[in-house]
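S.K.: What follows is a structure written as structure tokens; I'll ask about it next.
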Amino acid sequence: MTSRTLPPRIVAILFATVCCVWSTHLVAQSQPPVDALLDGSSLEDLWVHVNAQDWEDLHTHFEENTYYPADVEWRGIRVRNAAIRVRGVASRNGHKPSFRIDLNRYVTGQTFFGLDALTLDSSWQDPSMITNRLSMLLFRRMGIAAPRVAHVRLFAGAGREYVGVYAVTEEVTPSFLRTNFGEDTGNLYEFNHLQNDHWGFQDPGPPLGWYVPRFTPKTHDFDSVAALYTPIRDLVQRINDAPQSDLESRLNGYLDINTFITELAIQNFVAQGDGIVGGVGANNFYLYRFAGKTLSVLIPWDQGNAFGTPDLLPSYNMDTNVLTAKIWNEPTYRSRYLGTLLQIAELVSRDGFLLAEAQRDYQQIRDAVYVDAFAPYPLTQFEQMHVTVQQFIRTRPDIVRQYVASLVQQ
Amino acid sequence: MRCIFSIRAVFAIALCMGATPAAAQVEMTFDKRPSIKVGDLLTADIRFKSQLDFREFPDEPGTDFKPLVDLHRTRIGVEGRLIKGLEYQVEGELGDASQPWRDVYIQTRSFRSLQVRAGQFKIPFSIDQLTSGMDLDFNYRSLAAAYLAPGRDVGVMVFGRFFSEALRYQAGVFKRGGDNVRESERTDAQADRTYAGRVVVRPWNGFDNVFRTLSAGVAFTSGVLPAGPNGVRGKTVPGDAFFEHLFVDGHRQRMAGEFQWRPGPVGLQGEYIRVRDQRFGQGIDNQDLPDAYSRGWYATGTWLLTGERKRDSVEPKRPFLRGGVGAIEIAARLERLAAWNDSVNDGTFSSPRSPWVMPRADDVWTAGVNWYWNEYVKLQANIIRERRSADGRVIDGQDDLWSQTFRVQLGF
């Protein structure tokens, strides 16, 4: 029997392969999980590398949705080939604009530590800068799929200029769907609130064209109008046609009524004035229809207009929306809604987690806000709003409990 | 645009000055086209050009819808002489409301070795781009001429011919970089100029041999590029973006070589164009980026089966419906449009501020038949095959793309 040895070339190739696999493993191990960025445990630094001219254009042409190439760096790891643009509707501004960072624009399938896209919110309409984060925390604690939000100190340009505190938000994208629903092949739409629309799920009639400007497809965007919007029209028609006494069974397979009631209760608990029953009609949500099913779910978005009015009645505006009106007017569903409100009140007051988060957020961002040359509000307003938010969290559970008790007595 | 209006005003004044005293000498004729002659002061030939296309492009996701029928060109113009020593041309595109004016210029005619042209006209670069759209051998210009040549601009040019036209030259200075560039360049204010030159030799022009029509030439342009996403645009045959919109700043330089030979009914033509764009300070971190290059070439062969001599404008010996079949010509073209640079792939392969420009190429061949009914009507049918590649590999689903186009052309 003769002994055999591998040829030197084969040995070299095997060695190189092992080294390559091992180094890949090491790189993967050394990358921090994105949870560290989004869980809010620390105030992270995020550096957007962007050409000086582009940074200027992003501010001077803030009304446009033009993307500019950018690299994003976090904890020394630089993700290249990203794209950045200004985002927002009413909050658009050229002083401290909010941004959207798209990781897929130049490279299909690229992610930032697993995320397809990030939004950097300047909290233009929220002097406390924390209300959206607190709302989303409550949604998630109540079992609702909601984006994670945390704060970062944002740096920009080759000179790493500090451009202020931003709320970094996980965008509702396929990666969000995978994380929260275990699938991403269904139909995802972003709802666009049109000015003076005041739409509250009323049936606009058979033409699908009504839905096109209001529901922007985020997946399957090359599908036909019929394929994209017929299921939404069916859902809206079902909501309108269903008798309120039989809402649950009539919507079975189209919309989970209990999940919707939970979302509604959370928004009304935190006195979100621009949500499902906002003052201008339904707003700030995504709609996801699961793959191969008719079942849809609402995903909350941008809940920053909350924690301002602790005495707002939880029945506020319930009659302006077809679905919430049926829930409110039918004792069975009203009972569930009120029960969910009590559940939320208990959660918030029992372990004090929301107040602790509000206090921690304040401590976390305070120093960075004080040196934020682009902060949209005076520091006194920042401080005052934090007092207001914390007072809201302290008082709101009892206000809600008293309201529910008064209804039960009636 | 203000300059164009000025040119139009000059024309209007000149025409009025000439027309008034010569009103009694007005002579109108219709030989090949309507013509007006006002004594020795003015001649005016009315020109009309129309092209109606029927086309079928491959169905590609993510691209704009292209209608089956396209009124490709509807132009009306006037050209002629003015006070003996000047020639002029004014032409407008009726289907282009935003930028209707095409050629609007005046030129001297006294000394053929040194003429001067001023106004808006094509920058002298690329024989295919300089060929009238009515005289093309195919429905569409080569991709190189369509997207790498500068097109029209406002400027001044000297040109002429020597040695029995064995040597021709053109040299000019232009206000901007031509209208055949990215949209932002057409609308943004541009302060700097583009210089252009072209020399064509036809060494056997004075001889009566088979090489008499053989010509070869070189051309260049050099101009300042505004900072921004103004890189050379490259498009596919259906007109969809193919090159990345690179950010550039610095100079744009073009070089081209051309040849043409038309022995009898056969026509051979080829061209090579290279464009270099500088990218100073255009990196993500404001760093200078390596120059970006675009390149295009084509080789064309045509054969007039009915025996007419190949010229720019083919006139059938026996026009259709007047005792003959007209002139029938077959044509084939092989071409490539490509973008690249000399950098190495550092992972920034797709960003428009990437140091590395991902190599892209569109390889195309076209086969066609031209049927000249008479000097006014031409029918053209083309079948076009594209194969597009990126980074040396054929792009999935773009290895075998077929387009079919048919054109009905009427002009005088």
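How things are named: the first chain in the structure tokens is A, the next is B, and so on; residues count from 1 in each chain; ligands count from 1 in the order shown.
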Using only C-alpha atoms, determine which residues of chain A fall within 10 Å of chain B; present them as a short mmCIF file (atom, residue, chain, number, x, y, z; two decimals) with N, CA and C atoms, in the first residue's frame.
M.R.:
data_model
loop_
_atom_site.label_atom_id
_atom_site.label_comp_id
_atom_site.auth_asym_id
_atom_site.auth_seq_id
_atom_site.Cartn_x
_atom_site.Cartn_y
_atom_site.Cartn_z
N VAL A 48 -23.09 59.62 8.35
CA VAL A 48 -23.50 59.53 6.95
C VAL A 48 -22.43 60.21 6.10
N HIS A 49 -21.72 59.43 5.34
CA HIS A 49 -20.72 59.99 4.42
C HIS A 49 -21.45 60.45 3.16
N VAL A 50 -21.38 61.70 2.90
CA VAL A 50 -22.09 62.23 1.73
C VAL A 50 -21.28 63.40 1.18
N ASN A 51 -21.26 63.53 -0.12
CA ASN A 51 -20.51 64.61 -0.76
C ASN A 51 -21.05 65.97 -0.29
N ALA A 52 -20.14 66.92 -0.11
CA ALA A 52 -20.53 68.23 0.43
C ALA A 52 -21.61 68.90 -0.42
N GLN A 53 -21.49 68.78 -1.73
CA GLN A 53 -22.49 69.39 -2.61
C GLN A 53 -23.85 68.74 -2.42
N ASP A 54 -23.84 67.42 -2.26
CA ASP A 54 -25.10 66.71 -2.06
C ASP A 54 -25.74 67.09 -0.73
N TYR A 68 -29.37 60.83 -3.17
CA TYR A 68 -27.94 61.09 -3.36
C TYR A 68 -27.16 59.91 -2.79
N PRO A 69 -26.04 59.59 -3.41
CA PRO A 69 -25.25 58.46 -2.90
C PRO A 69 -24.64 58.77 -1.55
N ALA A 70 -24.57 57.76 -0.71
CA ALA A 70 -24.03 57.95 0.64
C ALA A 70 -23.50 56.62 1.16
N ASP A 71 -22.57 56.71 2.07
CA ASP A 71 -22.15 55.56 2.85
C ASP A 71 -22.62 55.79 4.28
N VAL A 79 -21.04 50.86 5.64
CA VAL A 79 -21.84 50.21 4.60
C VAL A 79 -21.92 51.16 3.42
N ARG A 80 -21.48 50.71 2.27
CA ARG A 80 -21.35 51.58 1.10
C ARG A 80 -22.55 51.42 0.16
N ASN A 81 -22.58 52.29 -0.83
CA ASN A 81 -23.61 52.21 -1.87
C ASN A 81 -25.02 52.40 -1.34
N ALA A 82 -25.17 53.18 -0.30
CA ALA A 82 -26.52 53.52 0.15
C ALA A 82 -26.96 54.79 -0.58
N ALA A 83 -28.21 55.17 -0.36
CA ALA A 83 -28.71 56.40 -0.97
C ALA A 83 -29.53 57.14 0.07
N ARG A 105 -31.14 50.95 -3.19
CA ARG A 105 -31.30 51.76 -4.39
C ARG A 105 -30.21 51.48 -5.42
N TYR A 106 -29.01 51.32 -4.97
CA TYR A 106 -27.91 51.07 -5.90
C TYR A 106 -27.49 49.60 -5.92
N VAL A 107 -27.79 48.90 -4.86
CA VAL A 107 -27.42 47.48 -4.80
C VAL A 107 -28.63 46.69 -4.31
N THR A 108 -29.20 45.92 -5.21
CA THR A 108 -30.37 45.13 -4.86
C THR A 108 -30.02 44.13 -3.76
N ALA A 156 -22.26 64.02 9.63
CA ALA A 156 -22.39 64.01 8.17
C ALA A 156 -21.15 64.59 7.50
N GLY A 157 -20.92 64.11 6.30
CA GLY A 157 -19.86 64.67 5.47
C GLY A 157 -18.49 64.13 5.80
N ALA A 158 -17.56 64.47 4.91
CA ALA A 158 -16.19 63.97 5.09
C ALA A 158 -15.57 64.50 6.38
N GLY A 159 -16.00 65.68 6.82
CA GLY A 159 -15.45 66.28 8.03
C GLY A 159 -16.13 65.81 9.31
N ARG A 160 -17.07 64.89 9.19
CA ARG A 160 -17.81 64.33 10.34
C ARG A 160 -18.40 65.45 11.20
N ASP A 221 -44.59 46.27 -6.73
CA ASP A 221 -45.00 47.56 -7.28
C ASP A 221 -45.15 47.54 -8.80
N PHE A 222 -44.77 46.46 -9.45
CA PHE A 222 -44.98 46.39 -10.89
C PHE A 222 -46.27 45.64 -11.24
#
S.K.: Using only C-alpha atoms, which protein or nucleic acid residues come within 9 Å of stretch 98-113 of chain B? Drop anything in the same chain fewer than 5 positions from it, and give the result as a ChimeraX atom specification.
M.R.: /B:1,4,7-8,11,75,77,81,84-93,118-122,152,154,159-162,168
S.K.: Near stretch 348-363 of chain A, within 10 Å and counting only C-alpha atoms, which residues show up once chain neighbours fewer than 6 positions away are dropped, as a short mmCIF file (atom, residue, chain, number, x, y, z; two decimals) with N, CA, C and O atoms, in the first residue's frame?
M.R.:
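Dumped to result-v7.cif:
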data_model
loop_
_atom_site.label_atom_id
_atom_site.label_comp_id
_atom_site.auth_asym_id
_atom_site.auth_seq_id
_atom_site.Cartn_x
_atom_site.Cartn_y
_atom_site.Cartn_z
N GLY A 40 -32.27 51.29 21.81
CA GLY A 40 -32.28 52.51 22.62
C GLY A 40 -31.48 52.41 23.90
O GLY A 40 -31.56 53.29 24.76
N SER A 41 -30.71 51.36 24.06
CA SER A 41 -29.96 51.19 25.30
C SER A 41 -28.84 52.20 25.44
O SER A 41 -28.37 52.47 26.54
N SER A 42 -28.39 52.74 24.30
CA SER A 42 -27.33 53.75 24.36
C SER A 42 -27.54 54.73 23.21
O SER A 42 -28.22 54.42 22.23
N LEU A 43 -26.94 55.89 23.37
CA LEU A 43 -27.02 56.89 22.30
C LEU A 43 -25.87 56.63 21.33
O LEU A 43 -24.71 56.95 21.62
N SER A 128 -40.04 67.18 22.38
CA SER A 128 -39.42 66.21 23.30
C SER A 128 -38.53 65.23 22.55
O SER A 128 -37.62 64.64 23.13
N MET A 129 -38.81 64.98 21.30
CA MET A 129 -38.11 64.05 20.41
C MET A 129 -38.31 62.58 20.79
O MET A 129 -37.64 61.71 20.23
N ILE A 130 -39.19 62.28 21.76
CA ILE A 130 -39.27 60.89 22.22
C ILE A 130 -40.66 60.27 22.08
O ILE A 130 -40.82 59.09 22.35
N THR A 131 -41.66 61.04 21.68
CA THR A 131 -43.03 60.50 21.74
C THR A 131 -43.25 59.36 20.75
O THR A 131 -43.98 58.41 21.05
N ARG A 133 -41.00 57.21 19.80
CA ARG A 133 -40.34 56.02 20.36
C ARG A 133 -41.19 55.40 21.46
O ARG A 133 -41.36 54.17 21.52
N LEU A 134 -41.72 56.23 22.36
CA LEU A 134 -42.53 55.70 23.45
C LEU A 134 -43.78 55.01 22.92
O LEU A 134 -44.18 53.95 23.41
N SER A 135 -44.40 55.60 21.91
CA SER A 135 -45.60 54.99 21.32
C SER A 135 -45.27 53.62 20.75
O SER A 135 -45.99 52.64 20.96
N LEU A 137 -42.83 51.68 21.48
CA LEU A 137 -42.53 50.74 22.55
C LEU A 137 -43.81 50.12 23.10
O LEU A 137 -43.87 48.91 23.36
N LEU A 138 -44.82 50.96 23.27
CA LEU A 138 -46.09 50.48 23.82
C LEU A 138 -46.76 49.50 22.85
O LEU A 138 -47.29 48.46 23.26
N ALA A 150 -34.92 54.49 17.98
CA ALA A 150 -33.90 54.87 18.97
C ALA A 150 -33.30 56.19 18.53
O ALA A 150 -33.57 56.68 17.43
N HIS A 151 -32.50 56.76 19.40
CA HIS A 151 -31.89 58.04 19.07
C HIS A 151 -30.42 57.88 18.75
O HIS A 151 -29.74 57.00 19.29
N LEU A 342 -57.97 49.33 29.65
CA LEU A 342 -57.60 49.05 31.04
C LEU A 342 -56.31 48.24 31.12
O LEU A 342 -55.47 48.44 32.00
N VAL A 369 -28.70 67.08 22.71
CA VAL A 369 -29.64 68.10 22.24
C VAL A 369 -29.12 69.50 22.58
O VAL A 369 -29.24 70.43 21.77
N PHE A 382 -37.89 72.11 24.85
CA PHE A 382 -37.49 70.70 24.99
C PHE A 382 -37.72 70.25 26.42
O PHE A 382 -38.31 69.19 26.67
N GLU A 383 -37.26 71.04 27.37
CA GLU A 383 -37.41 70.67 28.78
C GLU A 383 -38.90 70.62 29.17
O GLU A 383 -39.33 69.68 29.83
N HIS A 386 -40.71 67.54 27.93
CA HIS A 386 -40.40 66.32 28.68
C HIS A 386 -41.18 66.27 29.98
O HIS A 386 -41.64 65.20 30.40
N VAL A 387 -41.34 67.41 30.61
CA VAL A 387 -42.17 67.47 31.81
C VAL A 387 -43.60 67.05 31.47
O VAL A 387 -44.23 66.25 32.17
N VAL A 389 -44.65 65.18 28.94
CA VAL A 389 -44.74 63.76 28.58
C VAL A 389 -44.73 62.90 29.85
O VAL A 389 -45.55 61.97 30.00
N GLN A 390 -43.85 63.21 30.76
CA GLN A 390 -43.77 62.39 31.99
C GLN A 390 -45.03 62.56 32.83
O GLN A 390 -45.52 61.60 33.44
N GLN A 391 -45.56 63.76 32.86
CA GLN A 391 -46.80 64.00 33.59
C GLN A 391 -47.95 63.22 32.94
O GLN A 391 -48.80 62.66 33.64
N PHE A 392 -47.96 63.19 31.62
CA PHE A 392 -48.97 62.43 30.88
C PHE A 392 -48.92 60.95 31.30
O PHE A 392 -49.96 60.34 31.60
N ILE A 393 -47.72 60.41 31.32
CA ILE A 393 -47.59 58.98 31.64
C ILE A 393 -48.03 58.71 33.08
O ILE A 393 -48.64 57.67 33.37
N ARG A 394 -47.79 59.65 33.96
CA ARG A 394 -48.19 59.45 35.36
C ARG A 394 -49.72 59.52 35.52
O ARG A 394 -50.29 58.77 36.31
N THR A 395 -50.34 60.40 34.80
CA THR A 395 -51.77 60.66 35.05
C THR A 395 -52.72 59.92 34.12
O THR A 395 -53.88 59.69 34.47
N ARG A 396 -52.24 59.57 32.95
CA ARG A 396 -53.15 59.00 31.94
C ARG A 396 -53.82 57.70 32.39
O ARG A 396 -55.02 57.53 32.15
N PRO A 397 -53.12 56.76 33.03
CA PRO A 397 -53.81 55.52 33.42
C PRO A 397 -55.04 55.77 34.28
O PRO A 397 -56.10 55.16 34.05
N ASP A 398 -54.94 56.63 35.25
CA ASP A 398 -56.09 56.88 36.11
C ASP A 398 -57.21 57.58 35.36
O ASP A 398 -58.40 57.30 35.58
#
S.K.: Can you work out the spacing between atom CA of B:Gly155 and atom CA of B:Tyr195 in Å, to one decimal?
M.R.: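 Going from atom CA of B:Gly155 over to atom CA of B:Tyr195, I get 9.5 Å.
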S.K.: Pull the helix (DSSP H, G or I) assignments for stretch 136-358 of chain A out of DSSP run on the backbone, and list those residues as a PyMOL selection string.
M.R.: chain A and resi 136-141+174-181+208-210+225-241+244-250+257-269+318-320+322-329+331-350+353-358
S.K.: So that I can check the surroundings of A:Val371, please list as a list in words every protein, DNA and RNA residue that reaches within 10 Å of it, counting only C-alpha atoms and ignoring chain neighbours fewer than 4 positions away.
M.R.: Tyr162, Val163, Gly164, Val165, Arg366, Asp367 and Ala375 of chain A
S.K.: Looking at only C-alpha atoms, which of B:Gly368, B:Gln51, B:Asp363, B:Pro319 is the one that sits closest to B:Asp399?
M.R.: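 The answer is B:Asp363, which sits nearest to B:Asp399.
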